[in-house]
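Here's start-v5.pdb, which has PDB, C-alpha atoms:
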```pdb
ATOM      1  CA  MET A  10      10.158 -18.208  21.240
ATOM      2  CA  PRO A  11      10.726 -19.591  17.699
ATOM      3  CA  GLU A  12       7.716 -20.989  15.894
ATOM      4  CA  PRO A  13       7.762 -24.809  15.815
ATOM      5  CA  SER A  14       8.128 -26.301  12.338
ATOM      6  CA  LEU A  15       4.747 -28.017  12.696
ATOM      7  CA  ILE A  16       3.099 -24.609  13.010
ATOM      8  CA  SER A  17       5.168 -23.155  10.139
ATOM      9  CA  THR A  18       4.150 -26.012   7.850
ATOM     10  CA  TYR A  19       0.496 -25.586   8.805
ATOM     11  CA  LEU A  20       0.587 -21.827   8.182
ATOM     12  CA  ALA A  21       2.408 -22.379   4.877
ATOM     13  CA  ALA A  22      -0.474 -24.618   3.752
ATOM     14  CA  LEU A  23      -2.944 -21.856   4.622
ATOM     15  CA  SER A  24      -0.790 -19.131   3.021
ATOM     16  CA  ALA A  25      -0.619 -21.084  -0.223
ATOM     17  CA  GLN A  26      -4.351 -20.554  -0.663
ATOM     18  CA  LEU A  27      -5.789 -17.824   1.550
ATOM     19  CA  PRO A  28      -5.329 -14.024   1.463
ATOM     20  CA  ALA A  29      -2.641 -12.631   3.782
ATOM     21  CA  PRO A  30      -5.052 -10.862   6.227
ATOM     22  CA  VAL A  31      -7.003 -14.100   6.723
ATOM     23  CA  VAL A  32      -3.808 -16.060   7.397
ATOM     24  CA  GLU A  33      -2.640 -13.329   9.777
ATOM     25  CA  GLU A  34      -5.839 -13.670  11.801
ATOM     26  CA  LEU A  35      -5.620 -17.465  11.823
ATOM     27  CA  ALA A  36      -1.928 -17.328  12.809
ATOM     28  CA  GLY A  37      -2.792 -15.089  15.760
ATOM     29  CA  GLY A  38      -5.485 -17.487  16.951
ATOM     30  CA  LEU A  39      -3.220 -20.483  16.503
ATOM     31  CA  ASP A  40      -0.455 -18.780  18.462
ATOM     32  CA  GLU A  41      -2.816 -17.976  21.342
ATOM     33  CA  THR A  42      -4.045 -21.571  21.329
ATOM     34  CA  ARG A  43      -0.459 -22.850  21.460
ATOM     35  CA  GLN A  44       0.333 -20.415  24.271
ATOM     36  CA  ARG A  45      -2.594 -21.778  26.300
ATOM     37  CA  TYR A  46      -1.145 -25.290  26.049
ATOM     38  CA  LEU A  47       2.315 -23.993  26.980
ATOM     39  CA  ASP A  48       0.774 -22.312  30.039
ATOM     40  CA  GLN A  49      -0.738 -25.672  30.946
ATOM     41  CA  GLY A  50       2.773 -27.113  31.114
ATOM     42  CA  LEU A  51       3.150 -28.880  27.766
ATOM     43  CA  ASP A  52       6.540 -28.770  26.066
ATOM     44  CA  PRO A  53       6.754 -26.655  22.881
ATOM     45  CA  ASP A  54       6.315 -29.523  20.416
ATOM     46  CA  ALA A  55       3.433 -31.057  22.342
ATOM     47  CA  ALA A  56       1.793 -27.630  22.658
ATOM     48  CA  ALA A  57       2.123 -27.098  18.903
ATOM     49  CA  SER A  58       0.642 -30.540  18.165
ATOM     50  CA  ALA A  59      -2.255 -29.951  20.563
ATOM     51  CA  ALA A  60      -2.957 -26.495  19.091
ATOM     52  CA  LEU A  61      -2.993 -27.861  15.542
ATOM     53  CA  ALA A  62      -5.240 -30.754  16.524
ATOM     54  CA  GLU A  63      -7.647 -28.290  18.130
ATOM     55  CA  PHE A  64      -7.555 -25.943  15.128
ATOM     56  CA  GLY A  65      -8.452 -28.676  12.633
ATOM     57  CA  ASP A  66      -7.591 -29.754   9.095
ATOM     58  CA  PRO A  67      -6.268 -26.812   7.035
ATOM     59  CA  ASP A  68      -8.135 -28.102   3.965
ATOM     60  CA  VAL A  69     -11.423 -27.785   5.878
ATOM     61  CA  ILE A  70     -10.598 -24.200   6.840
ATOM     62  CA  ILE A  71      -9.553 -23.362   3.274
ATOM     63  CA  ALA A  72     -12.751 -24.900   1.886
ATOM     64  CA  ALA A  73     -14.851 -22.862   4.344
ATOM     65  CA  PHE A  74     -13.173 -19.610   3.308
ATOM     66  CA  THR A  75     -13.454 -20.585  -0.359
ATOM     67  CA  ARG A  76     -17.237 -20.861   0.034
ATOM     68  CA  LEU A  77     -17.204 -17.230   1.214
ATOM     69  CA  SER A  78     -14.819 -15.847  -1.400
ATOM     70  CA  PRO A  79     -15.973 -12.804  -3.394
ATOM     71  CA  ALA A  80     -14.938 -14.557  -6.619
ATOM     72  CA  ARG A  81     -17.247 -17.466  -5.884
ATOM     73  CA  ARG A  82     -20.230 -15.267  -5.022
ATOM     74  CA  THR A  83     -19.708 -13.075  -8.087
ATOM     75  CA  ALA A  84     -19.332 -16.084 -10.392
ATOM     76  CA  ARG A  85     -22.545 -17.628  -9.056
ATOM     77  CA  ARG A  86     -24.467 -14.390  -9.574
ATOM     78  CA  LEU A  87     -23.131 -14.043 -13.115
ATOM     79  CA  LEU A  88     -24.049 -17.640 -13.909
ATOM     80  CA  ALA A  89     -27.540 -17.093 -12.494
ATOM     81  CA  ALA A  90     -28.038 -13.925 -14.543
ATOM     82  CA  GLY A  91     -26.473 -15.406 -17.687
ATOM     83  CA  PRO A  92     -29.618 -17.015 -19.125
ATOM     84  CA  VAL A  93     -31.555 -13.752 -18.723
ATOM     85  CA  VAL A  94     -28.953 -11.615 -20.493
ATOM     86  CA  GLY A  95     -28.328 -14.339 -23.063
ATOM     87  CA  GLY A  96     -32.076 -14.641 -23.675
ATOM     88  CA  CYS A  97     -32.307 -10.908 -24.349
ATOM     89  CA  TRP A  98     -29.532 -11.119 -26.933
ATOM     90  CA  GLY A  99     -31.146 -14.240 -28.365
ATOM     91  CA  LEU A 100     -34.276 -12.197 -29.038
ATOM     92  CA  VAL A 101     -32.185  -9.569 -30.826
ATOM     93  CA  LEU A 102     -30.402 -12.150 -32.960
ATOM     94  CA  ALA A 103     -33.589 -14.048 -33.794
ATOM     95  CA  GLY A 104     -35.512 -10.846 -34.545
ATOM     96  CA  GLY A 105     -32.713  -9.586 -36.758
ATOM     97  CA  ARG A 106     -32.444 -12.948 -38.577
ATOM     98  CA  ALA A 107     -28.812 -13.199 -37.552
ATOM     99  CA  TRP A 108     -28.279 -16.296 -39.686
ATOM    100  CA  THR A 109     -28.579 -14.089 -42.783
ATOM    101  CA  TRP A 110     -25.898 -11.642 -41.643
ATOM    102  CA  PRO A 111     -22.605 -11.575 -43.578
ATOM    103  CA  VAL A 112     -20.560 -12.741 -40.610
ATOM    104  CA  PRO A 113     -17.585 -15.015 -41.375
ATOM    105  CA  VAL A 114     -17.999 -18.527 -39.982
ATOM    106  CA  ALA A 115     -14.648 -18.215 -38.224
ATOM    107  CA  GLY A 116     -15.915 -15.128 -36.405
ATOM    108  CA  SER A 117     -19.033 -16.898 -35.181
ATOM    109  CA  VAL A 118     -17.031 -19.924 -34.062
ATOM    110  CA  LEU A 119     -14.533 -17.707 -32.284
ATOM    111  CA  PHE A 120     -17.269 -15.814 -30.466
ATOM    112  CA  GLY A 121     -19.014 -19.044 -29.449
ATOM    113  CA  ALA A 122     -15.753 -20.528 -28.173
ATOM    114  CA  ALA A 123     -15.001 -17.372 -26.197
ATOM    115  CA  LEU A 124     -18.466 -17.390 -24.641
ATOM    116  CA  LEU A 125     -18.161 -21.074 -23.687
ATOM    117  CA  SER A 126     -14.710 -20.423 -22.192
ATOM    118  CA  VAL A 127     -16.093 -17.593 -20.074
ATOM    119  CA  ILE A 128     -18.945 -19.802 -18.841
ATOM    120  CA  GLY A 129     -16.414 -22.540 -18.051
ATOM    121  CA  LEU A 130     -14.259 -20.144 -16.052
ATOM    122  CA  LEU A 131     -17.253 -18.879 -14.089
ATOM    123  CA  ALA A 132     -18.356 -22.464 -13.408
ATOM    124  CA  ALA A 133     -14.852 -23.303 -12.157
ATOM    125  CA  ALA A 134     -15.015 -20.286  -9.821
ATOM    126  CA  ALA A 135     -18.536 -21.115  -8.672
ATOM    127  CA  PHE A 136     -17.822 -24.733  -7.755
ATOM    128  CA  GLY A 137     -14.036 -24.939  -7.178
ATOM    129  CA  ARG A 138     -12.646 -25.916  -3.756
ATOM    130  CA  LYS A 139      -9.272 -24.150  -3.821
ATOM    131  CA  TYR A 140      -9.335 -20.486  -2.876
ATOM    132  CA  ARG A 141      -6.646 -19.264  -5.258
ATOM    133  CA  SER A 142      -7.891 -21.158  -8.289
ATOM    134  CA  VAL A 143     -11.422 -19.915  -7.555
ATOM    135  CA  ARG A 144     -10.111 -16.351  -7.416
ATOM    136  CA  ARG A 145      -8.126 -16.736 -10.647
ATOM    137  CA  ALA A 146     -11.012 -18.352 -12.512
ATOM    138  CA  GLY A 147     -13.481 -15.785 -11.149
ATOM    139  CA  ALA A 148     -11.287 -12.840 -12.170
ATOM    140  CA  ALA A 149     -10.697 -14.279 -15.647
ATOM    141  CA  GLY A 150     -14.415 -15.062 -15.996
ATOM    142  CA  CYS A 151     -15.366 -11.511 -14.993
ATOM    143  CA  LEU A 152     -12.922  -9.985 -17.450
ATOM    144  CA  GLY A 153     -14.057 -12.367 -20.181
ATOM    145  CA  MET A 154     -17.723 -11.622 -19.565
ATOM    146  CA  SER A 155     -16.977  -7.890 -19.649
ATOM    147  CA  THR A 156     -15.270  -8.352 -23.003
ATOM    148  CA  VAL A 157     -18.240 -10.288 -24.380
ATOM    149  CA  ASP A 158     -20.693  -7.625 -23.191
ATOM    150  CA  ALA A 159     -18.532  -4.789 -24.494
ATOM    151  CA  ALA A 160     -18.206  -6.533 -27.866
ATOM    152  CA  MET A 161     -21.966  -6.971 -28.109
ATOM    153  CA  LEU A 162     -22.613  -3.337 -27.225
ATOM    154  CA  PHE A 163     -19.969  -2.230 -29.734
ATOM    155  CA  ALA A 164     -21.444  -4.422 -32.458
ATOM    156  CA  VAL A 165     -24.944  -3.086 -31.808
ATOM    157  CA  THR A 166     -23.718   0.489 -31.958
ATOM    158  CA  LEU A 167     -22.040  -0.172 -35.312
ATOM    159  CA  THR A 168     -24.689  -2.296 -37.001
ATOM    160  CA  MET A 169     -28.061  -1.182 -35.695
ATOM    161  CA  PRO A 170     -29.076   2.180 -37.150
ATOM    162  CA  THR A 171     -32.386   2.194 -35.308
ATOM    163  CA  LEU A 172     -32.880   0.930 -31.786
ATOM    164  CA  ILE A 173     -35.764  -1.465 -31.400
ATOM    165  CA  TRP A 174     -37.018  -2.596 -27.989
ATOM    166  CA  PRO A 175     -35.233  -5.996 -27.915
ATOM    167  CA  VAL A 176     -31.946  -4.215 -28.597
ATOM    168  CA  ILE A 177     -32.619  -1.675 -25.853
ATOM    169  CA  LEU A 178     -33.484  -4.511 -23.480
ATOM    170  CA  ALA A 179     -30.385  -6.566 -24.328
ATOM    171  CA  ALA A 180     -28.048  -3.577 -24.299
ATOM    172  CA  GLY A 181     -29.479  -2.533 -20.941
ATOM    173  CA  ALA A 182     -28.953  -6.050 -19.559
ATOM    174  CA  SER A 183     -25.342  -6.091 -20.754
ATOM    175  CA  ALA A 184     -24.726  -2.594 -19.385
ATOM    176  CA  ALA A 185     -26.160  -3.667 -16.020
ATOM    177  CA  ARG A 186     -23.879  -6.705 -16.009
ATOM    178  CA  LEU A 187     -20.866  -4.567 -16.888
ATOM    179  CA  THR A 188     -21.720  -2.232 -14.010
ATOM    180  CA  PHE A 189     -22.063  -5.182 -11.621
ATOM    181  CA  ILE A 190     -18.676  -6.557 -12.705
ATOM    182  CA  ALA A 191     -17.037  -3.146 -12.351
ATOM    183  CA  ARG A 192     -18.338  -2.895  -8.785
ATOM    184  CA  THR A 193     -17.293  -6.399  -7.741
ATOM    185  CA  LEU A 194     -14.030  -6.826  -9.658
ATOM    186  CA  ARG A 195     -11.810  -5.288  -7.001
ATOM    187  CA  PRO A 196     -12.903  -7.628  -4.176
ATOM    188  CA  VAL A 197     -12.685 -10.524  -6.646
ATOM    189  CA  LEU A 198      -9.086  -9.616  -7.477
ATOM    190  CA  THR A 199      -7.973  -8.815  -3.939
ATOM    191  CA  GLY A 200     -10.320 -10.816  -1.678
TER     192      GLY A 200
ATOM    193  CA  MET B  21     -21.158 -31.632  21.960
ATOM    194  CA  ARG B  22     -20.019 -32.734  18.480
ATOM    195  CA  ALA B  23     -19.737 -30.424  15.476
ATOM    196  CA  GLU B  24     -22.645 -32.008  13.587
ATOM    197  CA  GLU B  25     -24.952 -31.508  16.565
ATOM    198  CA  LEU B  26     -24.033 -27.829  16.545
ATOM    199  CA  LYS B  27     -25.025 -27.416  12.914
ATOM    200  CA  GLY B  28     -27.606 -24.677  12.726
ATOM    201  CA  HIS B  29     -26.780 -23.336  16.184
ATOM    202  CA  LEU B  30     -23.224 -22.095  15.695
ATOM    203  CA  ASP B  31     -24.283 -18.690  14.367
ATOM    204  CA  GLY B  32     -26.428 -18.076  17.436
ATOM    205  CA  LEU B  33     -23.616 -19.161  19.760
ATOM    206  CA  LEU B  34     -21.164 -16.820  18.047
ATOM    207  CA  LEU B  35     -23.601 -13.906  18.205
ATOM    208  CA  ALA B  36     -24.164 -14.616  21.903
ATOM    209  CA  ALA B  37     -20.402 -14.661  22.499
ATOM    210  CA  LEU B  38     -20.229 -11.117  21.133
ATOM    211  CA  GLU B  39     -23.208  -9.812  23.065
ATOM    212  CA  ASP B  40     -21.134  -8.427  25.959
ATOM    213  CA  GLY B  41     -18.808  -6.469  23.710
ATOM    214  CA  PRO B  42     -16.214  -6.804  20.951
ATOM    215  CA  ARG B  43     -13.951  -9.838  20.911
ATOM    216  CA  HIS B  44     -11.297 -11.166  18.568
ATOM    217  CA  GLY B  45     -11.476 -14.685  17.163
ATOM    218  CA  TYR B  46      -9.575 -16.451  19.916
ATOM    219  CA  ALA B  47     -11.537 -14.596  22.618
ATOM    220  CA  VAL B  48     -14.778 -15.720  20.937
ATOM    221  CA  ILE B  49     -13.530 -19.308  21.057
ATOM    222  CA  GLU B  50     -12.590 -18.923  24.733
ATOM    223  CA  ALA B  51     -15.991 -17.404  25.520
ATOM    224  CA  LEU B  52     -17.694 -20.354  23.827
ATOM    225  CA  ARG B  53     -15.481 -22.777  25.710
ATOM    226  CA  GLN B  54     -16.380 -21.173  29.037
ATOM    227  CA  SER B  55     -20.083 -20.781  28.330
ATOM    228  CA  THR B  56     -20.356 -24.438  27.317
ATOM    229  CA  GLY B  57     -18.224 -25.751  30.163
ATOM    230  CA  GLY B  58     -15.583 -26.962  27.726
ATOM    231  CA  ARG B  59     -18.010 -29.379  26.058
ATOM    232  CA  LEU B  60     -17.824 -27.692  22.670
ATOM    233  CA  ASP B  61     -15.994 -30.093  20.387
ATOM    234  CA  LEU B  62     -15.383 -28.556  17.003
ATOM    235  CA  PRO B  63     -12.254 -27.575  15.078
ATOM    236  CA  THR B  64     -11.670 -24.053  16.361
ATOM    237  CA  GLY B  65     -10.100 -23.027  13.050
ATOM    238  CA  THR B  66     -13.572 -23.199  11.527
ATOM    239  CA  ILE B  67     -14.779 -20.439  13.857
ATOM    240  CA  TYR B  68     -12.906 -17.868  11.756
ATOM    241  CA  PRO B  69     -14.749 -18.520   8.474
ATOM    242  CA  ALA B  70     -18.000 -18.627  10.470
ATOM    243  CA  LEU B  71     -17.214 -15.149  11.828
ATOM    244  CA  ARG B  72     -16.431 -13.985   8.303
ATOM    245  CA  ARG B  73     -19.778 -15.371   7.106
ATOM    246  CA  LEU B  74     -21.634 -13.465   9.840
ATOM    247  CA  GLU B  75     -19.700 -10.344   8.856
ATOM    248  CA  GLN B  76     -20.724 -10.746   5.216
ATOM    249  CA  ALA B  77     -24.325 -11.147   6.374
ATOM    250  CA  GLY B  78     -24.084  -7.814   8.214
ATOM    251  CA  LEU B  79     -24.701  -9.392  11.637
ATOM    252  CA  ILE B  80     -21.257  -8.466  12.971
ATOM    253  CA  THR B  81     -18.536  -6.038  11.922
ATOM    254  CA  GLY B  82     -14.811  -6.658  12.057
ATOM    255  CA  SER B  83     -11.990  -4.181  12.497
ATOM    256  CA  TRP B  84      -8.248  -4.525  12.984
ATOM    257  CA  SER B  85      -6.530  -3.401  16.141
ATOM    258  CA  VAL B  86      -2.986  -3.765  17.470
ATOM    259  CA  VAL B  87      -2.536  -5.437  20.843
ATOM    260  CA  GLY B  88       0.916  -6.258  22.227
ATOM    261  CA  GLY B  89       2.489  -5.377  18.886
ATOM    262  CA  ARG B  90       0.322  -7.878  17.052
ATOM    263  CA  ARG B  91      -2.579  -7.105  14.734
ATOM    264  CA  ARG B  92      -5.833  -8.833  15.502
ATOM    265  CA  ARG B  93      -9.354  -8.607  14.136
ATOM    266  CA  ASP B  94     -12.039  -7.620  16.625
ATOM    267  CA  TYR B  95     -15.698  -8.378  15.980
ATOM    268  CA  ARG B  96     -18.765  -6.654  17.385
ATOM    269  CA  LEU B  97     -22.498  -7.162  17.000
ATOM    270  CA  THR B  98     -24.387  -4.881  14.631
ATOM    271  CA  PRO B  99     -27.974  -3.836  15.398
ATOM    272  CA  ALA B 100     -29.081  -6.474  12.859
ATOM    273  CA  GLY B 101     -26.958  -9.023  14.703
ATOM    274  CA  ALA B 102     -28.538  -8.115  18.029
ATOM    275  CA  ARG B 103     -32.005  -8.560  16.503
ATOM    276  CA  ALA B 104     -30.959 -11.887  14.972
ATOM    277  CA  LEU B 105     -29.675 -13.047  18.371
ATOM    278  CA  SER B 106     -32.989 -12.174  20.035
ATOM    279  CA  GLY B 107     -34.840 -14.076  17.340
ATOM    280  CA  ARG B 108     -32.606 -17.122  17.700
ATOM    281  CA  ARG B 109     -33.058 -17.095  21.477
ATOM    282  CA  ALA B 110     -36.837 -17.020  21.126
ATOM    283  CA  ASP B 111     -36.760 -19.805  18.528
ATOM    284  CA  TRP B 112     -34.497 -21.898  20.756
ATOM    285  CA  ARG B 113     -36.761 -21.469  23.807
ATOM    286  CA  ASP B 114     -39.776 -22.615  21.772
ATOM    287  CA  PHE B 115     -37.838 -25.547  20.327
ATOM    288  CA  ALA B 116     -36.360 -26.591  23.691
ATOM    289  CA  ALA B 117     -39.776 -26.385  25.381
ATOM    290  CA  MET B 118     -41.346 -28.506  22.656
ATOM    291  CA  VAL B 119     -38.625 -31.194  22.704
ATOM    292  CA  SER B 120     -38.499 -31.253  26.509
ATOM    293  CA  ALA B 121     -42.246 -31.714  26.679
ATOM    294  CA  ALA B 122     -42.150 -34.501  24.105
ATOM    295  CA  LEU B 123     -39.212 -36.326  25.739
ATOM    296  CA  GLU B 124     -40.350 -35.943  29.325
ATOM    297  CA  GLY B 125     -44.048 -36.531  28.787
ATOM    298  CA  GLY B 126     -45.278 -33.082  29.792
ATOM    299  CA  SER B 127     -47.313 -30.650  27.794
ATOM    300  CA  CYS B 128     -45.739 -28.011  25.639
ATOM    301  CA  PRO B 129     -46.649 -24.436  26.544
ATOM    302  CA  SER B 130     -48.292 -22.508  23.737
ATOM    303  CA  PRO B 131     -45.944 -20.176  21.898
ATOM    304  CA  ALA B 132     -46.134 -16.559  23.068
TER     305      ALA B 132
END
```

When written as structure tokens, how does the structure in this file appear?
Amino acid sequence: MPEPSLISTYLAALSAQLPAPVVEELAGGLDETRQRYLDQGLDPDAAASAALAEFGDPDVIIAAFTRLSPARRTARRLLAAGPVVGGCWGLVLAGGRAWTWPVPVAGSVLFGAALLSVIGLLAAAAFGRKYRSVRRAGAAGCLGMSTVDAAMLFAVTLTMPTLIWPVILAAGASAARLTFIARTLRPVLTG
Amino acid sequence: MRAEELKGHLDGLLLAALEDGPRHGYAVIEALRQSTGGRLDLPTGTIYPALRRLEQAGLITGSWSVVGGRRRRDYRLTPAGARALSGRRADWRDFAAMVSAALEGGSCPSPA
């Protein structure tokens, strides 16, 4: 039996946001619900309408899955850990009197802008309501945060001839964050 | 029973629906419908994210199977899920006894 257009439109709304396996599971449930109404004697269009009414607003379902998305959980953990890692690097910069370093102003501004952009992306992933945009922002935020951490570790390796404890602490925090991102990036990209 | 009245109890109901063995999403919904005498009034589409949440919490596991040429995701209780269900049952009995006693003017039995 062909799928009524009401059902197709509903599934298209879900497919526009949710991963294919999730939509496949929802489509199966919706089809079984529609079949139950057909078995009760409703005509195909009425059965489709009744099944959709029973299933509920697709935006509500999308929002519920978005709250569970790996990108959202990862972004929230990175935002929660951010002040700790940032504080460690702050100690390094303050201890090394970073304001006296011969760093071009443009470089500092660029780094600050990049860091703010990464935080903005993670915030968008942590609080967004649309599954796909949360996934995109989360993936970009993870990659951006990895770049920031890698840049800091690279800079430390180049400029710090002796390792003092704040540097070890900050480098360890960044390495731990890089490891966390490496472990969670795949579900963020595919989930 | 309306969705807002179910808030806080849905996880326990879903775990109970899986107690007798693995079920896929629609079968879980049907089990809930039967066990509540059809009085459960919530958008059934929201059952699926709730199942996914329980899976992420390690209380159930999901696996794909093929039935009648169609893939479906079956869920089963984990040992942690079975323990959580026992805990929720005990909590509910205490809560129901307390509210019943207060509403009906009896005395609430002491918790075990």

Please write as a ChimeraX atom specification the full residue list that the PyMOL selection byres ((chain A and resi 64) around 7) yields on this file.
/A:60-63,65 /B:63-65

Name all residues at most 12 Å from Asp40 of chain A (count only C-alpha atoms; drop same-chain ones fewer than 6 positions away) and give them as an mmCIF file with C-alpha atoms, in the coordinates of the input.
```
data_model
loop_
_atom_site.group_PDB
_atom_site.id
_atom_site.type_symbol
_atom_site.label_atom_id
_atom_site.label_comp_id
_atom_site.auth_asym_id
_atom_site.auth_seq_id
_atom_site.Cartn_x
_atom_site.Cartn_y
_atom_site.Cartn_z
ATOM 1 C CA MET A 10 10.158 -18.208 21.240
ATOM 2 C CA PRO A 11 10.726 -19.591 17.699
ATOM 3 C CA GLU A 12 7.716 -20.989 15.894
ATOM 4 C CA PRO A 13 7.762 -24.809 15.815
ATOM 5 C CA ILE A 16 3.099 -24.609 13.010
ATOM 6 C CA SER A 17 5.168 -23.155 10.139
ATOM 7 C CA TYR A 19 0.496 -25.586 8.805
ATOM 8 C CA LEU A 20 0.587 -21.827 8.182
ATOM 9 C CA VAL A 32 -3.808 -16.060 7.397
ATOM 10 C CA GLU A 33 -2.640 -13.329 9.777
ATOM 11 C CA GLU A 34 -5.839 -13.670 11.801
ATOM 12 C CA TYR A 46 -1.145 -25.290 26.049
ATOM 13 C CA LEU A 47 2.315 -23.993 26.980
ATOM 14 C CA PRO A 53 6.754 -26.655 22.881
ATOM 15 C CA ALA A 56 1.793 -27.630 22.658
ATOM 16 C CA ALA A 57 2.123 -27.098 18.903
ATOM 17 C CA SER A 58 0.642 -30.540 18.165
ATOM 18 C CA ALA A 59 -2.255 -29.951 20.563
ATOM 19 C CA ALA A 60 -2.957 -26.495 19.091
ATOM 20 C CA LEU A 61 -2.993 -27.861 15.542
ATOM 21 C CA GLU A 63 -7.647 -28.290 18.130
ATOM 22 C CA PHE A 64 -7.555 -25.943 15.128
ATOM 23 C CA GLY B 45 -11.476 -14.685 17.163
ATOM 24 C CA TYR B 46 -9.575 -16.451 19.916
ATOM 25 C CA GLY B 65 -10.100 -23.027 13.050
ATOM 26 C CA ARG B 90 0.322 -7.878 17.052
ATOM 27 C CA ARG B 92 -5.833 -8.833 15.502
#
```

If we count only C-alpha atoms and set the cut-off at 7 Å, which residues sit around segment 174-189 of chain A, ignoring sequence neighbours fewer than 2 positions away in its own chain? Please answer as a PyMOL selection string.
chain A and resi 94+97-98+100-101+155+158+162+172+191-193

Work out how far atom CA of Val197 of chain A is from atom CA of Leu97 of chain B, in Å to one decimal.
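So the two atoms, atom CA of Leu97 of chain B and atom CA of Val197 of chain A, lie 25.8 Å apart.
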
How far is it from atom CA of Leu51 of chain A to atom CA of Val87 of chain B, in Å with one decimal?
25.1 Å

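Once the ChimeraX specification (/A :<10) & /B is applied to this file, the selection holds His44, Gly45, Tyr46, Ala47, Ile49, Glu50, Asp61, Leu62, Pro63, Thr64, Gly65, Thr66, Ile67, Tyr68, Pro69, Ala70, Arg72, Arg73, Gln76, Trp84, Arg90, Arg91, Arg92, Arg93 and Asp94 of chain B.
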
Mind dumping the selected residues with C-alpha atoms as an mmCIF file, in the coordinates of the input?
```cif
data_model
loop_
_atom_site.group_PDB
_atom_site.id
_atom_site.type_symbol
_atom_site.label_atom_id
_atom_site.label_comp_id
_atom_site.auth_asym_id
_atom_site.auth_seq_id
_atom_site.Cartn_x
_atom_site.Cartn_y
_atom_site.Cartn_z
ATOM 1 C CA HIS B 44 -11.297 -11.166 18.568
ATOM 2 C CA GLY B 45 -11.476 -14.685 17.163
ATOM 3 C CA TYR B 46 -9.575 -16.451 19.916
ATOM 4 C CA ALA B 47 -11.537 -14.596 22.618
ATOM 5 C CA ILE B 49 -13.530 -19.308 21.057
ATOM 6 C CA GLU B 50 -12.590 -18.923 24.733
ATOM 7 C CA ASP B 61 -15.994 -30.093 20.387
ATOM 8 C CA LEU B 62 -15.383 -28.556 17.003
ATOM 9 C CA PRO B 63 -12.254 -27.575 15.078
ATOM 10 C CA THR B 64 -11.670 -24.053 16.361
ATOM 11 C CA GLY B 65 -10.100 -23.027 13.050
ATOM 12 C CA THR B 66 -13.572 -23.199 11.527
ATOM 13 C CA ILE B 67 -14.779 -20.439 13.857
ATOM 14 C CA TYR B 68 -12.906 -17.868 11.756
ATOM 15 C CA PRO B 69 -14.749 -18.520 8.474
ATOM 16 C CA ALA B 70 -18.000 -18.627 10.470
ATOM 17 C CA ARG B 72 -16.431 -13.985 8.303
ATOM 18 C CA ARG B 73 -19.778 -15.371 7.106
ATOM 19 C CA GLN B 76 -20.724 -10.746 5.216
ATOM 20 C CA TRP B 84 -8.248 -4.525 12.984
ATOM 21 C CA ARG B 90 0.322 -7.878 17.052
ATOM 22 C CA ARG B 91 -2.579 -7.105 14.734
ATOM 23 C CA ARG B 92 -5.833 -8.833 15.502
ATOM 24 C CA ARG B 93 -9.354 -8.607 14.136
ATOM 25 C CA ASP B 94 -12.039 -7.620 16.625
#
```

Residue neighbourhood segment 119-136 of chain A, 6 Å, all atoms listed in the file, exclusion window fewer than 3 positions, as a PyMOL selection string
chain A and resi 81+84-85+115-116+143+146-147+150+153

Quick one: 4 Å padding each side, axis-aligned, all listed atoms of segment 54-60 of chain B - centre and edge lengths in Å to one decimal, as AutoDock Vina command-line options?
```
--center_x -18.0 --center_y -25.1 --center_z 26.4 --size_x 12.8 --size_y 16.6 --size_z 15.5
```

What does the distance between atom CA of Leu102 of chain A and atom CA of Ala160 of chain A come to in Å, to one decimal place?
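Atom-to-atom, atom CA of Leu102 of chain A and atom CA of Ala160 of chain A are spaced 14.4 Å apart.
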
12 Å contact set for Gly78 of chain B, all atoms listed in the file, chain neighbours under 5 positions out, as a PyMOL selection string
chain B and resi 35+71-73+95-104

Using only C-alpha atoms, the shortest atom-to-atom distance to Ala37 of chain B among B:Leu123, B:Ala77, B:Ala110, B:Leu105 belongs to B:Leu105

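Closest approach to Leu34 of chain B from the set B:Ala116, B:Asp111, B:Gln54, B:Leu74 is made by B:Leu74, with distances taken over all atoms listed in the file.
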